[in-house]
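Pasting work.cif here (mmCIF, C-alpha atoms):
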data_query
loop_
_atom_site.label_atom_id
_atom_site.label_comp_id
_atom_site.auth_asym_id
_atom_site.auth_seq_id
_atom_site.Cartn_x
_atom_site.Cartn_y
_atom_site.Cartn_z
CA MET A 156 26.79 -30.55 33.72
CA ALA A 157 28.17 -30.60 30.21
CA ARG A 158 25.51 -33.09 29.17
CA MET A 159 22.76 -30.86 30.58
CA LEU A 160 24.16 -27.88 28.73
CA TRP A 161 24.36 -29.90 25.53
CA ASN A 162 20.76 -31.05 25.91
CA LEU A 163 19.68 -27.45 26.54
CA LEU A 164 21.46 -26.26 23.39
CA ILE A 165 19.81 -29.01 21.36
CA SER A 166 16.37 -28.04 22.71
CA VAL A 167 16.96 -24.38 21.87
CA ALA A 168 18.15 -25.31 18.37
CA ILE A 169 15.07 -27.46 17.77
CA ALA A 170 12.77 -24.70 19.02
CA TYR A 171 14.53 -22.12 16.84
CA ALA A 172 14.26 -24.37 13.79
CA ALA A 173 10.58 -24.97 14.51
CA VAL A 174 9.84 -21.23 14.78
CA THR A 175 11.78 -20.57 11.58
CA ALA A 176 9.85 -23.28 9.76
CA LEU A 177 6.52 -21.94 10.97
CA VAL A 178 7.38 -18.41 9.83
CA PHE A 179 8.48 -19.76 6.44
CA LEU A 180 5.29 -21.77 5.97
CA PHE A 181 2.80 -19.23 7.31
CA GLN A 182 4.48 -15.91 6.54
CA SER A 183 1.57 -14.76 4.40
CA ARG A 184 -0.58 -14.81 7.53
CA LEU A 185 1.87 -12.40 9.14
CA VAL A 186 1.41 -9.97 6.24
CA PHE A 187 -2.22 -10.19 5.10
CA TYR A 188 -5.10 -9.60 7.51
CA PRO A 189 -8.26 -9.76 5.39
CA GLU A 190 -10.28 -10.99 8.35
CA VAL A 191 -9.69 -7.76 10.31
CA GLY A 192 -12.59 -5.37 9.70
CA ARG A 193 -14.10 -7.56 6.99
CA GLU A 194 -17.53 -5.90 7.09
CA MET A 195 -18.26 -2.76 5.10
CA VAL A 196 -19.00 -0.20 7.82
CA VAL A 197 -19.77 2.97 5.82
CA SER A 198 -19.77 4.23 2.23
CA PRO A 199 -18.63 7.44 0.52
CA GLN A 200 -22.20 8.64 0.84
CA THR A 201 -21.47 9.04 4.57
CA TYR A 202 -19.26 11.99 3.60
CA GLY A 203 -21.71 13.21 1.00
CA LEU A 204 -19.68 11.82 -1.89
CA LYS A 205 -21.28 10.42 -5.01
CA PHE A 206 -19.98 6.96 -5.90
CA ASP A 207 -20.57 3.90 -8.02
CA PRO A 208 -20.05 0.42 -6.53
CA VAL A 209 -17.94 -1.50 -9.03
CA ASP A 210 -17.10 -5.17 -9.57
CA ILE A 211 -13.81 -5.70 -11.37
CA ARG A 212 -12.90 -9.06 -12.88
CA THR A 213 -9.27 -10.15 -12.73
CA ALA A 214 -7.45 -12.14 -15.39
CA ASP A 215 -7.47 -15.23 -13.16
CA GLY A 216 -11.19 -15.08 -12.43
CA GLU A 217 -11.52 -13.26 -9.12
CA THR A 218 -14.05 -10.46 -8.59
CA LEU A 219 -12.82 -7.34 -6.81
CA SER A 220 -15.07 -4.97 -4.90
CA ALA A 221 -14.30 -1.32 -5.65
CA TRP A 222 -15.72 2.19 -5.52
CA TRP A 223 -15.54 4.79 -8.23
CA VAL A 224 -15.81 8.25 -6.67
CA PRO A 225 -16.12 10.98 -9.34
CA ALA A 226 -15.09 14.58 -8.80
CA GLU A 227 -16.54 17.74 -10.31
CA GLU A 228 -14.37 19.17 -13.09
CA PRO A 229 -11.69 16.55 -12.38
CA ARG A 230 -8.00 17.34 -12.68
CA GLY A 231 -7.14 13.68 -13.06
CA THR A 232 -7.76 10.22 -11.64
CA MET A 233 -6.38 8.66 -8.46
CA LEU A 234 -5.97 4.88 -8.16
CA PHE A 235 -5.61 4.04 -4.47
CA PHE A 236 -4.34 0.83 -2.84
CA HIS A 237 -4.86 0.40 0.91
CA GLY A 238 -2.87 -1.41 3.61
CA ASN A 239 -2.88 -5.00 4.81
CA ALA A 240 -5.94 -4.85 7.10
CA GLY A 241 -9.47 -3.51 6.83
CA ASN A 242 -11.18 -2.67 3.57
CA ILE A 243 -12.13 0.24 1.34
CA SER A 244 -14.81 1.43 3.78
CA HIS A 245 -12.06 2.30 6.29
CA ARG A 246 -10.40 4.79 3.90
CA LEU A 247 -13.06 7.48 3.53
CA ASP A 248 -10.69 10.21 4.73
CA TYR A 249 -8.52 9.62 1.68
CA LEU A 250 -11.53 9.62 -0.63
CA GLN A 251 -12.72 12.92 0.82
CA LEU A 252 -9.29 14.50 0.42
CA PHE A 253 -8.85 13.36 -3.18
CA ASN A 254 -12.36 14.53 -4.00
CA ARG A 255 -11.64 17.99 -2.61
CA MET A 256 -8.50 18.05 -4.73
CA ARG A 257 -10.84 17.36 -7.68
CA PHE A 258 -9.51 13.93 -8.51
CA ASN A 259 -11.72 11.05 -9.54
CA THR A 260 -10.79 8.07 -7.37
CA LEU A 261 -10.91 4.32 -7.82
CA ILE A 262 -10.31 2.43 -4.57
CA VAL A 263 -10.11 -1.36 -4.70
CA ASP A 264 -10.23 -4.20 -2.19
CA TYR A 265 -7.65 -6.87 -2.91
CA ARG A 266 -8.77 -10.43 -3.40
CA GLY A 267 -9.97 -11.85 -0.09
CA TYR A 268 -10.62 -8.40 1.40
CA GLY A 269 -14.02 -6.86 1.99
CA LYS A 270 -16.45 -8.26 -0.56
CA SER A 271 -13.75 -9.38 -2.99
CA THR A 272 -13.43 -13.08 -3.76
CA GLY A 273 -10.33 -15.24 -3.39
CA SER A 274 -7.38 -15.26 -1.00
CA PRO A 275 -4.61 -12.65 -0.83
CA SER A 276 -1.05 -13.19 -2.02
CA GLU A 277 1.69 -10.93 -3.34
CA GLU A 278 1.22 -12.09 -6.92
CA GLY A 279 -2.53 -11.83 -6.44
CA THR A 280 -2.35 -8.18 -5.42
CA TYR A 281 -0.34 -7.44 -8.54
CA ARG A 282 -3.00 -9.08 -10.69
CA ASP A 283 -5.59 -7.02 -8.81
CA ALA A 284 -3.65 -3.85 -9.60
CA GLU A 285 -3.49 -4.75 -13.30
CA ALA A 286 -7.23 -5.44 -13.31
CA ALA A 287 -7.94 -2.05 -11.71
CA TRP A 288 -5.81 -0.29 -14.34
CA ASP A 289 -7.48 -2.24 -17.15
CA TYR A 290 -10.87 -1.17 -15.77
CA LEU A 291 -9.86 2.48 -15.72
CA ARG A 292 -8.66 2.33 -19.31
CA ALA A 293 -11.57 0.33 -20.70
CA VAL A 294 -14.51 1.71 -18.72
CA ARG A 295 -13.43 5.18 -17.58
CA SER A 296 -11.18 6.00 -20.58
CA VAL A 297 -8.32 7.04 -18.29
CA GLN A 298 -4.92 7.59 -19.87
CA ALA A 299 -1.66 7.03 -18.01
CA GLN A 300 -0.66 10.71 -18.21
CA ASN A 301 -3.79 11.60 -16.22
CA LEU A 302 -3.38 8.85 -13.61
CA VAL A 303 -1.92 9.20 -10.11
CA ILE A 304 -1.17 5.88 -8.40
CA ALA A 305 -1.20 5.98 -4.60
CA GLY A 306 -0.67 3.37 -1.91
CA GLU A 307 -0.46 3.28 1.87
CA SER A 308 1.63 0.80 3.88
CA LEU A 309 1.39 -2.58 2.06
CA GLY A 310 -0.44 -0.75 -0.72
CA GLY A 311 2.73 1.20 -1.39
CA GLY A 312 4.33 -1.99 -2.68
CA VAL A 313 1.36 -2.60 -4.96
CA ALA A 314 1.30 1.02 -6.16
CA SER A 315 5.02 1.18 -6.98
CA TRP A 316 4.89 -2.18 -8.79
CA LEU A 317 2.09 -0.97 -11.06
CA ALA A 318 3.61 2.49 -11.53
CA ALA A 319 6.89 0.93 -12.69
CA ARG A 320 4.95 -0.72 -15.51
CA VAL A 321 2.32 1.88 -16.38
CA GLY A 322 4.21 5.17 -16.36
CA PRO A 323 1.60 7.35 -14.60
CA ARG A 324 1.47 11.09 -14.09
CA ALA A 325 2.67 10.74 -10.47
CA VAL A 326 3.14 8.24 -7.63
CA VAL A 327 2.17 8.74 -3.98
CA LEU A 328 3.66 6.43 -1.32
CA ILE A 329 2.31 6.72 2.22
CA SER A 330 3.84 5.14 5.33
CA THR A 331 5.39 2.31 3.35
CA PHE A 332 8.58 0.25 3.52
CA THR A 333 11.71 -0.12 1.43
CA SER A 334 10.69 -3.76 0.98
CA ALA A 335 8.67 -6.34 2.89
CA THR A 336 11.87 -8.33 3.39
CA ASP A 337 13.69 -5.35 4.91
CA LEU A 338 10.84 -4.71 7.32
CA GLY A 339 10.55 -8.38 8.26
CA ALA A 340 14.28 -8.55 8.97
CA GLN A 341 13.90 -5.64 11.40
CA ILE A 342 10.83 -6.99 13.16
CA TYR A 343 12.05 -10.59 13.34
CA TRP A 344 15.72 -9.74 13.83
CA PHE A 345 16.33 -13.08 15.55
CA LEU A 346 15.31 -15.07 12.46
CA PRO A 347 17.05 -15.51 9.06
CA VAL A 348 14.30 -13.54 7.33
CA ARG A 349 16.33 -12.71 4.22
CA LEU A 350 16.86 -16.43 3.62
CA ILE A 351 13.28 -17.58 4.17
CA SER A 352 11.24 -14.64 2.92
CA ARG A 353 8.88 -15.43 0.04
CA LEU A 354 7.42 -11.92 -0.08
CA GLY A 355 9.06 -9.02 -1.85
CA TYR A 356 7.02 -5.86 -2.34
CA ASP A 357 10.32 -4.17 -3.19
CA ASN A 358 9.60 -0.45 -3.35
CA THR A 359 13.30 0.35 -3.60
CA GLU A 360 13.72 -1.62 -6.82
CA ASN A 361 10.41 -0.40 -8.25
CA LEU A 362 11.39 3.22 -7.70
CA LYS A 363 14.47 2.69 -9.86
CA ARG A 364 12.11 2.09 -12.80
CA ILE A 365 9.69 4.92 -12.04
CA LYS A 366 10.32 8.13 -13.97
CA ALA A 367 7.14 9.92 -12.83
CA PRO A 368 7.16 12.50 -10.01
CA VAL A 369 7.11 10.81 -6.59
CA PHE A 370 5.47 12.14 -3.41
CA ILE A 371 6.39 10.29 -0.20
CA ALA A 372 4.77 10.81 3.21
CA HIS A 373 5.95 9.20 6.45
CA SER A 374 5.70 9.96 10.16
CA ARG A 375 8.76 10.11 12.39
CA ASP A 376 6.50 8.53 15.06
CA ASP A 377 5.42 5.57 12.90
CA ASP A 378 5.17 2.61 15.27
CA VAL A 379 4.93 -0.09 12.58
CA ILE A 380 7.19 0.93 9.68
CA PRO A 381 10.19 2.96 10.85
CA TYR A 382 10.63 6.51 9.56
CA SER A 383 13.98 5.49 8.07
CA HIS A 384 12.15 3.47 5.41
CA GLY A 385 10.37 6.55 4.11
CA LYS A 386 13.57 8.57 4.06
CA LYS A 387 15.48 5.85 2.21
CA LEU A 388 12.74 5.62 -0.39
CA PHE A 389 12.86 9.38 -0.87
CA GLU A 390 16.63 9.32 -1.25
CA GLY A 391 16.37 6.57 -3.86
CA ALA A 392 13.60 8.18 -5.90
CA SER A 393 14.39 10.17 -9.02
CA GLU A 394 13.58 13.85 -9.34
CA PRO A 395 11.09 15.41 -9.28
CA LYS A 396 10.11 14.29 -5.80
CA ALA A 397 8.80 15.62 -2.50
CA PHE A 398 8.72 14.39 1.10
CA LEU A 399 6.09 15.16 3.74
CA GLU A 400 6.94 14.43 7.36
CA MET A 401 3.69 13.51 9.08
CA ARG A 402 2.78 13.38 12.77
CA GLY A 403 1.27 10.49 14.71
CA GLY A 404 1.46 6.72 14.48
CA HIS A 405 1.26 4.39 11.53
CA ASN A 406 -2.53 4.29 11.39
CA ASP A 407 -3.32 7.91 12.24
CA GLY A 408 -0.47 9.89 10.71
CA PHE A 409 -2.63 10.89 7.76
CA ILE A 410 -5.42 12.09 10.06
CA PHE A 411 -3.11 14.23 12.21
CA SER A 412 -1.39 15.69 9.14
CA ARG A 413 -4.40 16.13 6.87
CA PRO A 414 -4.09 19.93 6.33
CA GLU A 415 -0.44 19.62 5.25
CA TRP A 416 -1.32 16.56 3.21
CA GLY A 417 -3.95 18.29 1.15
CA ALA A 418 -1.99 21.47 0.55
CA GLN A 419 1.38 19.93 -0.26
CA LEU A 420 0.11 17.05 -2.38
CA ALA A 421 -2.20 19.33 -4.36
CA ALA A 422 0.65 21.78 -4.98
CA PHE A 423 2.99 18.95 -6.01
CA LEU A 424 0.52 17.47 -8.49
CA GLU A 425 -0.35 20.88 -9.89
CA LYS A 426 3.33 21.73 -10.37
CA HIS A 427 3.92 18.52 -12.27
CA ALA A 428 0.63 18.38 -14.10
CA THR A 429 2.30 18.33 -17.51
CA GLN A 430 5.03 15.83 -16.64
#
Translate the structure of the given file into structure tokens.
Amino acid sequence: MARMLWNLLISVAIAYAAVTALVFLFQSRLVFYPEVGREMVVSPQTYGLKFDPVDIRTADGETLSAWWVPAEEPRGTMLFFHGNAGNISHRLDYLQLFNRMRFNTLIVDYRGYGKSTGSPSEEGTYRDAEAAWDYLRAVRSVQAQNLVIAGESLGGGVASWLAARVGPRAVVLISTFTSATDLGAQIYWFLPVRLISRLGYDNTENLKRIKAPVFIAHSRDDDVIPYSHGKKLFEGASEPKAFLEMRGGHNDGFIFSRPEWGAQLAAFLEKHATQ
């Protein structure tokens, strides 16, 4: 009996070690889903928005697919980073909202997403963010004090990383996490995630370096990234800051809360226009 129990424990230990090793080796595949919704399904023109298709070259030689959506009598420029699945053609609701708020918008597909070349990685998304900012400065003559950097879900980690280095007019974080490691430790509670994680996207640390006004939106019903992440980020952000509690799940909270979104974000940016 003891021998059987010992053999069972050994088998469980081997299986656990194998699962841990697989997660360590292939964790990027658990985070990035460029193959989901790879095709471009619509364009801003679907919503009657004028736009310019843009190719942005990164410092390491990748070409990013992006859209520049101008607004009439713009109040500033929005640089938007999307989540870990789909592409820019799945974010038209955001483009429409920002356009109605009279913000020019640049939305970019990370390397490996949509029509962009390459394969995604954390460091790669940071290089993509730098390339997008360089494009705005060089081609669109955007200055940091007129720039709002926004990101949803995974894009929140990209947005906060860039904002900590650029010093924009404001930062908007939507349905995002305190860090990728924190979220992974919650989802895979049975694994030593904090020991094997090779992905950071540490919004908590980035917020410590951000002095610009911060607007955070999160749904209490978020079924992917717990509401507690949004609240912790808000608590850790410096003033001035604002929090919008959305309704609905992770992928439709913005849609259900669009009226509040538009009104509260517009008021927040207007209030801090000179910051």
**Prompt:** For A:Met256, which of A:Thr232, A:Ser330, A:Gln300, A:Asn361 is the closest residue, counting all atoms listed in the file?
**Reply:**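 Among A:Thr232, A:Ser330, A:Gln300, A:Asn361, it is A:Thr232 that comes nearest to A:Met256.
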Would you be able to write out as a PyMOL selection string which residues have an atom within 12 Å of (-9.8, -10.5, 10.1) in the file's coordinates, counting all atoms listed in the file?
chain A and resi 184-194+239-242+267-269
_Going by the chain IDs and residue numbers used in this file, which residues fall under the PyMOL selection byres ((chain A and resi 287) around 9)? Write them as a ChimeraX atom specification._
/A:211-213,219,221,234,261-263,282-286,288-292
- [ ] Pull out every residue that the PyMOL selection byres ((chain A and resi 334) around 12) matches in the shown coordinates and put them as a ChimeraX atom specification.
- [x] /A:308-313,315-316,331-333,335-341,349,352-362,380-381,384-385,387-388
Inset, instruction - Could you jot down the atom CA of A:Ser198 to atom CA of A:Arg230 separation for me, Å, one decimal place? - result: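 These two atoms are separated by 23.1 Å.
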re atom CA of A:Ala392 and atom CA of A:Ala367: distance 9.6 Å
Could you tell me which of A:Gly306, A:Asn259, A:Pro275, A:Asn301 comes closest to A:Phe235 if we count all atoms listed in the file?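 Nearest to A:Phe235: A:Gly306.
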Pull out every residue that the PyMOL selection byres ((chain A and resi 324-326) around 6) matches in the shown coordinates and put them as a PyMOL selection string.
chain A and resi 300-305+323+327+367-369
When distances are computed from all atoms listed in the file, which of A:Ala428, A:Leu252, A:Ala318, A:Leu399 shows the smallest separation from A:Leu204?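 Distance minimum relative to A:Leu204 lands on A:Leu252.
As for atom CA of A:Met233 and atom CA of A:Thr272, they are spaced 23.3 Å apart.
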For each of A:His237, A:Lys363, A:Arg255, A:Lys396, take the minimum atom-to-atom distance to A:Leu424, counting all atoms listed in the file, then give the residue where this is smallest.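 Of A:His237, A:Lys363, A:Arg255, A:Lys396, the one nearest A:Leu424 is A:Lys396, counting all atoms listed in the file.
Nearest to A:Gly403 of all the residues A:Asp207, A:Asp248, A:Asp215, A:Asp377 is A:Asp377, based on all atoms listed in the file.
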**Asked** Between A:Asn406, A:Ser393, A:Ser274, A:Gln298, which one has atoms that come closest to A:Ile329, using all atoms listed in the file?
**Response**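 The answer is A:Asn406, which sits nearest to A:Ile329.
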Residues near A:Trp416, anyone? I mean within 12 Å using only C-alpha atoms, not counting same-chain ones fewer than 5 positions away, as a VMD selection string. chain A and resid 248 to 249 252 to 253 255 to 256 327 329 370 to 374 397 to 402 408 to 411 421 to 424
